[in-house]
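Undergrad: Before we start, here is the structure in question, set down as structure tokens.
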Amino acid sequence: MILSLDSVSKSFGALKVADGVTFAVEKGEALGIIGPNGAGKSTLFNLITGNLLSSGGRITFEGRDVTRLPAMERVRMGVGRSFQIPQPFEGLTVFENLLTAATFGRGGREADMVEDCARILDETELLRKANAVAGSLSLLDRKRLELARAMATGPELLLLDEIAGGLTEAECTALVATIRGIHAQGTTIIWIEHVLHALTSVVERLLVLDFGRVIGIGAPDEIMASKEVREIYLGLEV
Amino acid sequence: MTTHTAYRLTTRTKAGTITGLVALALIALGFALPAFVSRSTIQDLFFILTMLALAQLWNLLAGYGGLVSVGQQAFVGIGAYAMFAAVILLGWNPVVAILAGGVAALLLAIPTAFFAFRLQGAYFAIGTWVIAEVTRLLVAQWKALGGGTGTSLPREATGNIMGVDLVRALFGVREAAARDILAYWLALVLAVAITGGIYWLLRNRLGLALAALRDNIDAAQSVGVDAVRLKWAVFMLAAAATGLVGGLVFMQTARISPGAAFAVTDWTAYVIFIVVIGGIGTIEGPIVGVIVFFLLRSALADYGSWYLLTLGLIAIAVMLFAPKGLWGLVSARTGLHLFPVRRRLSGPKIQGGT
Ligand SMILES: Nc1ncnc2c1ncn2[C@@H]1O[C@H](COP(=O)(O)OP(=O)(O)OP(=O)(O)O)[C@@H](O)[C@H]1O
Ligand SMILES: [Mg+2]
């Protein structure tokens, strides 16, 4: 077990965005998270990464209680993440974005990270644009950069937040192949996605979130067959 | 798939190497200059170098660290007063006492950061200014150093500054002129060390962290950058160095008062002007800015309050039409970077870099 959440809660004022969330992720697993807009999926990621602190419950990563640890310490332990809305360091180049993530996420000298950053850039099809300023990138490349930068931190657990959203079919297929490759190398993945077919082509289990509550977790076909999930997704692409 | 050992990181550029060589030549020339130029030129250069040092430090804070302080006069002032205190109360040699200025500024920076770092944006700026004012009021109560009216360095101390005899022998000048030359040399050392030190910092991995922090603090923390520690480090460093400059400036004038040592116009407004017109967030910016500032000051010296008004209008015009300052215009046109910090990846398959 690499990650476990035990009754994790978070409220924004009167709004409960995480309500007794409990689940665990095995090492090497790929877990998908689905749920309607505003269900609290991104908030859940922020709680796992430490970008937000939970108001109740317990988060354990690699056997250590990380509930109160700040984001920068969790990433150093191996929790890497991408942002739903890409947040590149716009004034830095693509390569420098990765170099920053690698030197601080893992702790090391810049010179020792060059090879690895180049490999990740190659895998995410950004190598060609390594020296382009990140602020000048297209949406697809920004999404790739989110993935690449998260990879550069050397994650054991990789959290991907709607990395395929807004991409064309072909772009999406390419990105899915990259993610599958990362998963095949042994990285544990939790992936939030509305594009279901992309998600189910990678993940082994699905978790459904609604109003901050886990309303189902299990094999994708079982989850999609359940009545409760069908109700939530009625009228959405299934 | 390509092998990735073929990839290299380079920061060095031709322009950067040339800058380095020119800078070395200029520094050497700078040290020799007192042999050739008049005392008033030396005084002008002293002013330029100390303002350059302060501008580089403010640029480090605001341009790189995102810490827009308008209270740097607190550190100039406390540095100056600590220098005076070390001379008058402890009998230190003024040159050594400058170091006390740095230490005092560092000590003042700790509570300042505790207080101001709780504030965001404009409140941070106001907070730093409030601390500077409070410090000024407290120092004005210090009777041993002249209270509100201030005091001068005693004759025994100014006549006995370390190295002045050597300068007199070297250039055959009077004591007062020798003191100016010595102060000028120290200013040269400080300005070069501060500019060079900041440049070194930016090329170090801390430079990446600062740039990341400036662009996006959430993302920076999510890749392992310790934002809080970094801001503390930058603030402490800038404060200590500002204190040294303060000590040096008032060693040269040999006279101090709370109004002069804690002047918000001299030590913060002009400094911000220099950084903004030159170009914030670059090493070149403050260098260009201080030259423009000096020329304007000389040209407008006789026009009293028109001087401030003109500076203000120019600053507004630059902010509107060239938000990256004069150096920003030049580097956008030419692609020139005299102090390159970009880490370029070179190797197969990369656009514009084999
Ligand atoms: N910092 C915040 N302060 C107040 N409310 C917030 C904050 N962040 C999110 N919310 C609210 O919390 C709820 C859950 O937001 P969240 O972003 O986690 O949803 P989501 O499941 O990721 O949605 P989407 O599919 O649209 O990305 C939403 O109603 C949102 O408006
Ligand atoms: Mg979301």
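For the structure tokens, the naming scheme is as follows: chains receive sequential letters (A, B, ...) according to their order of presentation, residues are indexed from 1 within each chain, and ligands are indexed from 1 in presentation order.
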Per residue of chain A within 10 Å of ligand 1, which atom pair is closest and at what distance in Å (one decimal), using only C-alpha atoms and all ligand atoms, listed by chain and increasing number, as JSON lines?
TA:
{"residue": "A:Lys10", "atom": "CA", "partner": "ligand 1", "partner_atom_place_in_ligand_line": "12 (O)", "distance": 9.4}
{"residue": "A:Ser11", "atom": "CA", "partner": "ligand 1", "partner_atom_place_in_ligand_line": "12 (O)", "distance": 8.1}
{"residue": "A:Phe12", "atom": "CA", "partner": "ligand 1", "partner_atom_place_in_ligand_line": "4 (C)", "distance": 5.0}
{"residue": "A:Gly13", "atom": "CA", "partner": "ligand 1", "partner_atom_place_in_ligand_line": "4 (C)", "distance": 7.5}
{"residue": "A:Ala14", "atom": "CA", "partner": "ligand 1", "partner_atom_place_in_ligand_line": "5 (N)", "distance": 9.7}
{"residue": "A:Leu15", "atom": "CA", "partner": "ligand 1", "partner_atom_place_in_ligand_line": "12 (O)", "distance": 7.1}
{"residue": "A:Lys16", "atom": "CA", "partner": "ligand 1", "partner_atom_place_in_ligand_line": "12 (O)", "distance": 7.7}
{"residue": "A:Val17", "atom": "CA", "partner": "ligand 1", "partner_atom_place_in_ligand_line": "14 (C)", "distance": 5.4}
{"residue": "A:Ala18", "atom": "CA", "partner": "ligand 1", "partner_atom_place_in_ligand_line": "14 (C)", "distance": 8.4}
{"residue": "A:Ile33", "atom": "CA", "partner": "ligand 1", "partner_atom_place_in_ligand_line": "21 (O)", "distance": 9.4}
{"residue": "A:Ile34", "atom": "CA", "partner": "ligand 1", "partner_atom_place_in_ligand_line": "21 (O)", "distance": 8.2}
{"residue": "A:Gly35", "atom": "CA", "partner": "ligand 1", "partner_atom_place_in_ligand_line": "21 (O)", "distance": 6.4}
{"residue": "A:Pro36", "atom": "CA", "partner": "ligand 1", "partner_atom_place_in_ligand_line": "25 (O)", "distance": 5.8}
{"residue": "A:Asn37", "atom": "CA", "partner": "ligand 1", "partner_atom_place_in_ligand_line": "25 (O)", "distance": 3.6}
{"residue": "A:Gly38", "atom": "CA", "partner": "ligand 1", "partner_atom_place_in_ligand_line": "19 (O)", "distance": 3.5}
{"residue": "A:Ala39", "atom": "CA", "partner": "ligand 1", "partner_atom_place_in_ligand_line": "21 (O)", "distance": 3.8}
{"residue": "A:Gly40", "atom": "CA", "partner": "ligand 1", "partner_atom_place_in_ligand_line": "18 (O)", "distance": 3.2}
{"residue": "A:Lys41", "atom": "CA", "partner": "ligand 1", "partner_atom_place_in_ligand_line": "21 (O)", "distance": 3.7}
{"residue": "A:Ser42", "atom": "CA", "partner": "ligand 1", "partner_atom_place_in_ligand_line": "22 (O)", "distance": 3.6}
{"residue": "A:Thr43", "atom": "CA", "partner": "ligand 1", "partner_atom_place_in_ligand_line": "18 (O)", "distance": 3.6}
{"residue": "A:Leu44", "atom": "CA", "partner": "ligand 1", "partner_atom_place_in_ligand_line": "18 (O)", "distance": 6.4}
{"residue": "A:Phe45", "atom": "CA", "partner": "ligand 1", "partner_atom_place_in_ligand_line": "18 (O)", "distance": 8.0}
{"residue": "A:Asn46", "atom": "CA", "partner": "ligand 1", "partner_atom_place_in_ligand_line": "18 (O)", "distance": 8.3}
{"residue": "A:Leu47", "atom": "CA", "partner": "ligand 1", "partner_atom_place_in_ligand_line": "18 (O)", "distance": 9.9}
{"residue": "A:Leu52", "atom": "CA", "partner": "ligand 1", "partner_atom_place_in_ligand_line": "1 (N)", "distance": 8.6}
{"residue": "A:Gln84", "atom": "CA", "partner": "ligand 1", "partner_atom_place_in_ligand_line": "27 (O)", "distance": 7.1}
{"residue": "A:Ile85", "atom": "CA", "partner": "ligand 1", "partner_atom_place_in_ligand_line": "27 (O)", "distance": 9.1}
{"residue": "A:Asp161", "atom": "CA", "partner": "ligand 1", "partner_atom_place_in_ligand_line": "27 (O)", "distance": 8.1}
{"residue": "A:Glu162", "atom": "CA", "partner": "ligand 1", "partner_atom_place_in_ligand_line": "27 (O)", "distance": 7.7}
{"residue": "A:Ile192", "atom": "CA", "partner": "ligand 1", "partner_atom_place_in_ligand_line": "22 (O)", "distance": 8.2}
{"residue": "A:Glu193", "atom": "CA", "partner": "ligand 1", "partner_atom_place_in_ligand_line": "25 (O)", "distance": 8.2}
{"residue": "A:His194", "atom": "CA", "partner": "ligand 1", "partner_atom_place_in_ligand_line": "25 (O)", "distance": 7.5}
{"residue": "A:Leu209", "atom": "CA", "partner": "ligand 1", "partner_atom_place_in_ligand_line": "21 (O)", "distance": 7.8}
{"residue": "A:Asp210", "atom": "CA", "partner": "ligand 1", "partner_atom_place_in_ligand_line": "21 (O)", "distance": 8.0}
{"residue": "A:Phe211", "atom": "CA", "partner": "ligand 1", "partner_atom_place_in_ligand_line": "14 (C)", "distance": 7.9}
{"residue": "A:Gly212", "atom": "CA", "partner": "ligand 1", "partner_atom_place_in_ligand_line": "14 (C)", "distance": 7.7}
Undergrad: Write out as a JSON list (two decimals) with all heavy atoms, in the first residue's frame every residue belonging to chain B that has an atom at most 7 Å from any atom of chain A, counting only C-alpha atoms.
TA:
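Generated output (iface_37.json):
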[["chain", "number", "residue", "atom", "x", "y", "z"],
["B", 4, "HIS", "N", 20.72, 9.51, -23.95],
["B", 4, "HIS", "CA", 20.58, 10.84, -23.36],
["B", 4, "HIS", "C", 21.84, 11.36, -22.72],
["B", 4, "HIS", "O", 21.87, 12.41, -22.12],
["B", 4, "HIS", "CB", 19.41, 10.85, -22.39],
["B", 4, "HIS", "CG", 18.12, 10.53, -23.10],
["B", 4, "HIS", "ND1", 17.56, 9.29, -23.10],
["B", 4, "HIS", "CD2", 17.34, 11.30, -23.88],
["B", 4, "HIS", "CE1", 16.47, 9.30, -23.85],
["B", 4, "HIS", "NE2", 16.31, 10.51, -24.33],
["B", 5, "THR", "N", 22.92, 10.59, -22.88],
["B", 5, "THR", "CA", 24.20, 11.11, -22.40],
["B", 5, "THR", "C", 24.75, 12.14, -23.36],
["B", 5, "THR", "O", 25.69, 12.86, -23.04],
["B", 5, "THR", "CB", 25.23, 9.97, -22.25],
["B", 5, "THR", "OG1", 25.09, 9.11, -23.37],
["B", 5, "THR", "CG2", 25.01, 9.19, -20.99],
["B", 7, "TYR", "N", 23.42, 14.77, -24.13],
["B", 7, "TYR", "CA", 22.85, 16.08, -23.82],
["B", 7, "TYR", "C", 23.70, 16.86, -22.83],
["B", 7, "TYR", "O", 24.27, 16.29, -21.91],
["B", 7, "TYR", "CB", 21.41, 15.92, -23.32],
["B", 7, "TYR", "CG", 20.51, 15.51, -24.45],
["B", 7, "TYR", "CD1", 20.31, 14.17, -24.75],
["B", 7, "TYR", "CD2", 19.92, 16.47, -25.25],
["B", 7, "TYR", "CE1", 19.52, 13.78, -25.82],
["B", 7, "TYR", "CE2", 19.13, 16.11, -26.32],
["B", 7, "TYR", "CZ", 18.93, 14.77, -26.60],
["B", 7, "TYR", "OH", 18.17, 14.41, -27.66],
["B", 8, "ARG", "N", 23.76, 18.16, -23.06],
["B", 8, "ARG", "CA", 24.60, 19.03, -22.24],
["B", 8, "ARG", "C", 23.82, 20.26, -21.79],
["B", 8, "ARG", "O", 22.99, 20.76, -22.54],
["B", 8, "ARG", "CB", 25.79, 19.55, -23.07],
["B", 8, "ARG", "CG", 26.79, 18.53, -23.51],
["B", 8, "ARG", "CD", 27.97, 18.44, -22.54],
["B", 8, "ARG", "NE", 28.83, 17.33, -22.90],
["B", 8, "ARG", "CZ", 28.52, 16.04, -22.66],
["B", 8, "ARG", "NH1", 27.38, 15.72, -22.08],
["B", 8, "ARG", "NH2", 29.35, 15.08, -23.01],
["B", 9, "LEU", "N", 24.15, 20.70, -20.61],
["B", 9, "LEU", "CA", 23.58, 21.95, -20.12],
["B", 9, "LEU", "C", 24.64, 23.05, -20.29],
["B", 9, "LEU", "O", 25.78, 22.87, -19.85],
["B", 9, "LEU", "CB", 23.23, 21.78, -18.64],
["B", 9, "LEU", "CG", 22.60, 22.93, -17.87],
["B", 9, "LEU", "CD1", 21.93, 22.38, -16.62],
["B", 9, "LEU", "CD2", 23.57, 24.00, -17.46],
["B", 205, "ARG", "N", 21.52, 26.79, -8.36],
["B", 205, "ARG", "CA", 20.17, 26.24, -8.44],
["B", 205, "ARG", "C", 19.13, 27.09, -7.71],
["B", 205, "ARG", "O", 17.95, 27.05, -8.01],
["B", 205, "ARG", "CB", 20.13, 24.79, -7.96],
["B", 205, "ARG", "CG", 20.58, 24.60, -6.54],
["B", 205, "ARG", "CD", 20.63, 23.12, -6.17],
["B", 205, "ARG", "NE", 20.09, 22.94, -4.84],
["B", 205, "ARG", "CZ", 19.13, 22.08, -4.52],
["B", 205, "ARG", "NH1", 18.62, 21.30, -5.43],
["B", 205, "ARG", "NH2", 18.69, 22.00, -3.30],
["B", 208, "LEU", "N", 17.06, 29.08, -10.12],
["B", 208, "LEU", "CA", 15.89, 28.40, -10.68],
["B", 208, "LEU", "C", 14.72, 28.49, -9.72],
["B", 208, "LEU", "O", 13.58, 28.76, -10.11],
["B", 208, "LEU", "CB", 16.21, 26.93, -10.95],
["B", 208, "LEU", "CG", 17.07, 26.59, -12.15],
["B", 208, "LEU", "CD1", 17.35, 25.10, -12.18],
["B", 208, "LEU", "CD2", 16.40, 27.04, -13.44],
["B", 209, "ALA", "N", 15.02, 28.27, -8.44],
["B", 209, "ALA", "CA", 13.96, 28.30, -7.43],
["B", 209, "ALA", "C", 13.32, 29.69, -7.36],
["B", 209, "ALA", "O", 12.10, 29.82, -7.27],
["B", 209, "ALA", "CB", 14.51, 27.91, -6.07],
["B", 212, "ALA", "N", 11.13, 30.21, -10.39],
["B", 212, "ALA", "CA", 9.91, 29.41, -10.25],
["B", 212, "ALA", "C", 8.94, 30.08, -9.29],
["B", 212, "ALA", "O", 7.74, 30.20, -9.56],
["B", 212, "ALA", "CB", 10.26, 28.00, -9.77],
["B", 215, "ASP", "N", 7.25, 33.06, -10.82],
["B", 215, "ASP", "CA", 6.23, 32.74, -11.82],
["B", 215, "ASP", "C", 4.98, 32.13, -11.21],
["B", 215, "ASP", "O", 3.86, 32.42, -11.64],
["B", 215, "ASP", "CB", 6.79, 31.76, -12.86],
["B", 215, "ASP", "CG", 7.64, 32.49, -13.89],
["B", 215, "ASP", "OD1", 7.66, 33.73, -13.85],
["B", 215, "ASP", "OD2", 8.28, 31.81, -14.72],
["B", 216, "ASN", "N", 5.15, 31.23, -10.24],
["B", 216, "ASN", "CA", 4.00, 30.50, -9.74],
["B", 216, "ASN", "C", 4.33, 29.80, -8.42],
["B", 216, "ASN", "O", 4.95, 28.74, -8.40],
["B", 216, "ASN", "CB", 3.58, 29.45, -10.78],
["B", 216, "ASN", "CG", 2.21, 28.88, -10.49],
["B", 216, "ASN", "OD1", 1.89, 28.60, -9.34],
["B", 216, "ASN", "ND2", 1.41, 28.71, -11.51],
["B", 219, "ALA", "N", 2.92, 26.09, -7.90],
["B", 219, "ALA", "CA", 3.65, 25.10, -8.69],
["B", 219, "ALA", "C", 5.07, 24.94, -8.14],
["B", 219, "ALA", "O", 5.59, 23.83, -8.10],
["B", 219, "ALA", "CB", 3.69, 25.51, -10.16],
["B", 221, "GLN", "N", 6.10, 25.20, -5.06],
["B", 221, "GLN", "CA", 6.06, 24.33, -3.88],
["B", 221, "GLN", "C", 5.79, 22.89, -4.28],
["B", 221, "GLN", "O", 6.28, 21.96, -3.65],
["B", 221, "GLN", "CB", 5.02, 24.84, -2.89],
["B", 221, "GLN", "CG", 5.49, 26.11, -2.21],
["B", 221, "GLN", "CD", 4.45, 26.72, -1.31],
["B", 221, "GLN", "OE1", 3.30, 26.86, -1.69],
["B", 221, "GLN", "NE2", 4.85, 27.09, -0.11],
["B", 222, "SER", "N", 5.01, 22.72, -5.34],
["B", 222, "SER", "CA", 4.68, 21.37, -5.78],
["B", 222, "SER", "C", 5.83, 20.65, -6.47],
["B", 222, "SER", "O", 5.72, 19.47, -6.74],
["B", 222, "SER", "CB", 3.47, 21.40, -6.72],
["B", 222, "SER", "OG", 2.31, 21.66, -5.98],
["B", 223, "VAL", "N", 6.90, 21.37, -6.79],
["B", 223, "VAL", "CA", 8.07, 20.66, -7.29],
["B", 223, "VAL", "C", 9.20, 20.65, -6.25],
["B", 223, "VAL", "O", 10.33, 20.33, -6.57],
["B", 223, "VAL", "CB", 8.60, 21.22, -8.64],
["B", 223, "VAL", "CG1", 7.54, 21.09, -9.73],
["B", 223, "VAL", "CG2", 9.06, 22.66, -8.51],
["B", 224, "GLY", "N", 8.86, 21.02, -5.01],
["B", 224, "GLY", "CA", 9.83, 20.87, -3.94],
["B", 224, "GLY", "C", 10.59, 22.11, -3.55],
["B", 224, "GLY", "O", 11.55, 22.04, -2.77],
["B", 225, "VAL", "N", 10.19, 23.28, -4.07],
["B", 225, "VAL", "CA", 10.87, 24.52, -3.68],
["B", 225, "VAL", "C", 10.34, 24.97, -2.32],
["B", 225, "VAL", "O", 9.14, 25.06, -2.12],
["B", 225, "VAL", "CB", 10.62, 25.62, -4.74],
["B", 225, "VAL", "CG1", 11.15, 26.96, -4.25],
["B", 225, "VAL", "CG2", 11.26, 25.23, -6.06],
["B", 226, "ASP", "N", 11.26, 25.23, -1.41],
["B", 226, "ASP", "CA", 10.87, 25.69, -0.08],
["B", 226, "ASP", "C", 10.70, 27.21, -0.13],
["B", 226, "ASP", "O", 11.64, 27.97, 0.13],
["B", 226, "ASP", "CB", 11.95, 25.29, 0.93],
["B", 226, "ASP", "CG", 11.48, 25.48, 2.36],
["B", 226, "ASP", "OD1", 10.57, 26.29, 2.58],
["B", 226, "ASP", "OD2", 12.04, 24.81, 3.25],
["B", 343, "ARG", "N", 19.56, 28.26, -18.81],
["B", 343, "ARG", "CA", 20.19, 26.95, -18.95],
["B", 343, "ARG", "C", 19.71, 26.39, -20.28],
["B", 343, "ARG", "O", 18.53, 26.04, -20.40],
["B", 343, "ARG", "CB", 19.74, 26.00, -17.85],
["B", 343, "ARG", "CG", 20.43, 26.16, -16.52],
["B", 343, "ARG", "CD", 19.85, 27.27, -15.73],
["B", 343, "ARG", "NE", 20.28, 27.25, -14.32],
["B", 343, "ARG", "CZ", 20.19, 28.30, -13.53],
["B", 343, "ARG", "NH1", 19.73, 29.45, -13.98],
["B", 343, "ARG", "NH2", 20.56, 28.20, -12.27],
["B", 344, "ARG", "N", 20.59, 26.30, -21.24],
["B", 344, "ARG", "CA", 20.21, 25.75, -22.53],
["B", 344, "ARG", "C", 20.57, 24.27, -22.58],
["B", 344, "ARG", "O", 21.61, 23.86, -22.12],
["B", 344, "ARG", "CB", 20.91, 26.49, -23.68],
["B", 344, "ARG", "CG", 20.47, 27.93, -23.85],
["B", 344, "ARG", "CD", 21.17, 28.56, -25.04],
["B", 344, "ARG", "NE", 20.82, 27.89, -26.28],
["B", 344, "ARG", "CZ", 19.70, 28.10, -26.95],
["B", 344, "ARG", "NH1", 18.82, 28.97, -26.51],
["B", 344, "ARG", "NH2", 19.44, 27.44, -28.05],
["B", 345, "LEU", "N", 19.64, 23.51, -23.14],
["B", 345, "LEU", "CA", 19.91, 22.09, -23.34],
["B", 345, "LEU", "C", 20.38, 21.93, -24.77],
["B", 345, "LEU", "O", 19.72, 22.40, -25.70],
["B", 345, "LEU", "CB", 18.65, 21.27, -23.09],
["B", 345, "LEU", "CG", 18.79, 19.75, -23.18],
["B", 345, "LEU", "CD1", 19.73, 19.24, -22.09],
["B", 345, "LEU", "CD2", 17.43, 19.08, -23.07],
["B", 349, "LYS", "N", 17.98, 16.42, -31.74],
["B", 349, "LYS", "CA", 16.53, 16.60, -31.82],
["B", 349, "LYS", "C", 16.00, 17.90, -31.22],
["B", 349, "LYS", "O", 14.80, 18.11, -31.11],
["B", 349, "LYS", "CB", 15.79, 15.43, -31.16],
["B", 349, "LYS", "CG", 15.90, 14.12, -31.94],
["B", 349, "LYS", "CD", 14.69, 13.25, -31.72],
["B", 349, "LYS", "CE", 14.84, 12.40, -30.47],
["B", 349, "LYS", "NZ", 13.71, 11.49, -30.29],
["B", 350, "ILE", "N", 16.89, 18.78, -30.76],
["B", 350, "ILE", "CA", 16.41, 20.01, -30.14],
["B", 350, "ILE", "C", 16.41, 21.14, -31.17],
["B", 350, "ILE", "O", 17.38, 21.31, -31.90],
["B", 350, "ILE", "CB", 17.28, 20.41, -28.94],
["B", 350, "ILE", "CG1", 17.15, 19.35, -27.86],
["B", 350, "ILE", "CG2", 16.89, 21.77, -28.40],
["B", 350, "ILE", "CD1", 18.10, 19.52, -26.74],
["B", 351, "GLN", "N", 15.29, 21.89, -31.15],
["B", 351, "GLN", "CA", 15.17, 22.99, -32.09],
["B", 351, "GLN", "C", 16.21, 24.06, -31.76],
["B", 351, "GLN", "O", 16.33, 24.49, -30.62],
["B", 351, "GLN", "CB", 13.78, 23.61, -31.95],
["B", 351, "GLN", "CG", 13.07, 23.76, -33.27],
["B", 351, "GLN", "CD", 11.60, 24.05, -33.04],
["B", 351, "GLN", "OE1", 11.23, 24.73, -32.11],
["B", 351, "GLN", "NE2", 10.77, 23.51, -33.92]]
Undergrad: Which residues are close to Val245 in chain B, i.e. within 10 Å by only C-alpha atoms, leaving aside same-chain residues fewer than 2 positions away? Reply as a PyMOL selection string.
TA: chain B and resi 49-51+53-54+75-77+79-80+98-99+101-102+186-187+190-191+239-243+247-251
Undergrad: Write out as a VMD selection string the set of residues from range 48-165 of chain A that DSSP, computed on the backbone, places in alpha helix (DSSP H).
TA: chain A and resid 48 to 49 71 to 77 94 to 102 110 to 123 139 to 152
Undergrad: Which residues come within 9 Å of Trp267 in chain B, counting only C-alpha atoms, excluding same-chain residues fewer than 2 positions away, as a compact mmCIF listing (two decimals) with C-alpha atoms, in the first residue's frame?
TA:
# COMPACT_ATOMS: atom_id res chain seq x y z
CA MET B 51 23.25 53.42 -5.50
CA LEU B 54 21.32 49.27 -3.30
CA GLY B 71 11.37 49.97 3.82
CA GLN B 72 14.97 49.34 2.77
CA GLN B 73 15.89 52.68 4.39
CA ALA B 74 15.50 50.82 7.68
CA VAL B 76 20.57 51.63 5.42
CA ALA B 261 19.96 57.80 7.45
CA PHE B 262 16.33 56.67 7.22
CA ALA B 263 15.35 58.81 4.21
CA VAL B 264 12.71 56.98 2.20
CA THR B 265 13.40 59.09 -0.92
CA ALA B 269 12.31 55.83 -3.90
CA TYR B 270 15.43 56.59 -5.97
CA VAL B 271 16.46 52.97 -5.77
CA ILE B 272 13.09 51.78 -7.07
Undergrad: Which one is closest to ligand 2: A:Ala184, A:Val66, A:Ile163, A:Val229? Count only C-alpha atoms and all ligand atoms.
TA: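 Result for the nearest residue to ligand 2: A:Ile163.
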Undergrad: Tell me, as a VMD selection string, which residues lie within 6 Å of Ile280 in chain B, counting only C-alpha atoms; anything in the same chain fewer than 3 positions away does not count.
TA: chain B and resid 63 275 to 276
Undergrad: If you count only C-alpha atoms, which residues fall within 6 Å of Thr22 in chain A, apart from same-chain ones fewer than 3 positions away, as a tab-separated table (two decimals) with all heavy atoms, in the first residue's frame?
TA:
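Written out: selection-v9.tsv:
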chain	number	residue	atom	x	y	z
A	5	LEU	N	-6.01	6.97	2.57
A	5	LEU	CA	-6.75	8.07	3.16
A	5	LEU	C	-7.77	7.48	4.12
A	5	LEU	O	-8.43	6.50	3.78
A	5	LEU	CB	-7.47	8.90	2.08
A	5	LEU	CG	-6.63	9.94	1.34
A	5	LEU	CD1	-5.65	9.26	0.40
A	5	LEU	CD2	-7.53	10.91	0.61
A	6	ASP	N	-7.85	8.08	5.30
A	6	ASP	CA	-8.77	7.57	6.30
A	6	ASP	C	-9.66	8.72	6.78
A	6	ASP	O	-9.19	9.63	7.45
A	6	ASP	CB	-7.95	6.98	7.45
A	6	ASP	CG	-8.83	6.32	8.50
A	6	ASP	OD1	-10.03	6.13	8.23
A	6	ASP	OD2	-8.31	6.02	9.59
A	7	SER	N	-10.93	8.68	6.38
A	7	SER	CA	-11.93	9.70	6.76
A	7	SER	C	-11.44	11.13	6.55
A	7	SER	O	-11.58	11.97	7.44
A	7	SER	CB	-12.35	9.58	8.22
A	7	SER	OG	-12.44	8.28	8.62
Undergrad: What is the CA of Asn160 in chain B-CA of Ala35 in chain B distance in Å, reported with one decimal?
TA: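 Interatomic distance, CA of Asn160 in chain B to CA of Ala35 in chain B: 21.9 Å.
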Undergrad: So that I can see what lies close to Gly181 in chain A, please list as a VMD selection string the residues with an atom at most 10 Å from it, counting only C-alpha atoms and leaving out residues fewer than 6 positions away in the same chain.
TA: chain A and resid 123 175 187 202
Undergrad: Hey, what does DSSP flag as strand (DSSP E) within range 7-231 of chain A? Can you give it to me as a ChimeraX atom specification?
TA: /A:7-12,15-25,30-34,56-61,64-65,79-81,157-161,188-192,205-210,213-218
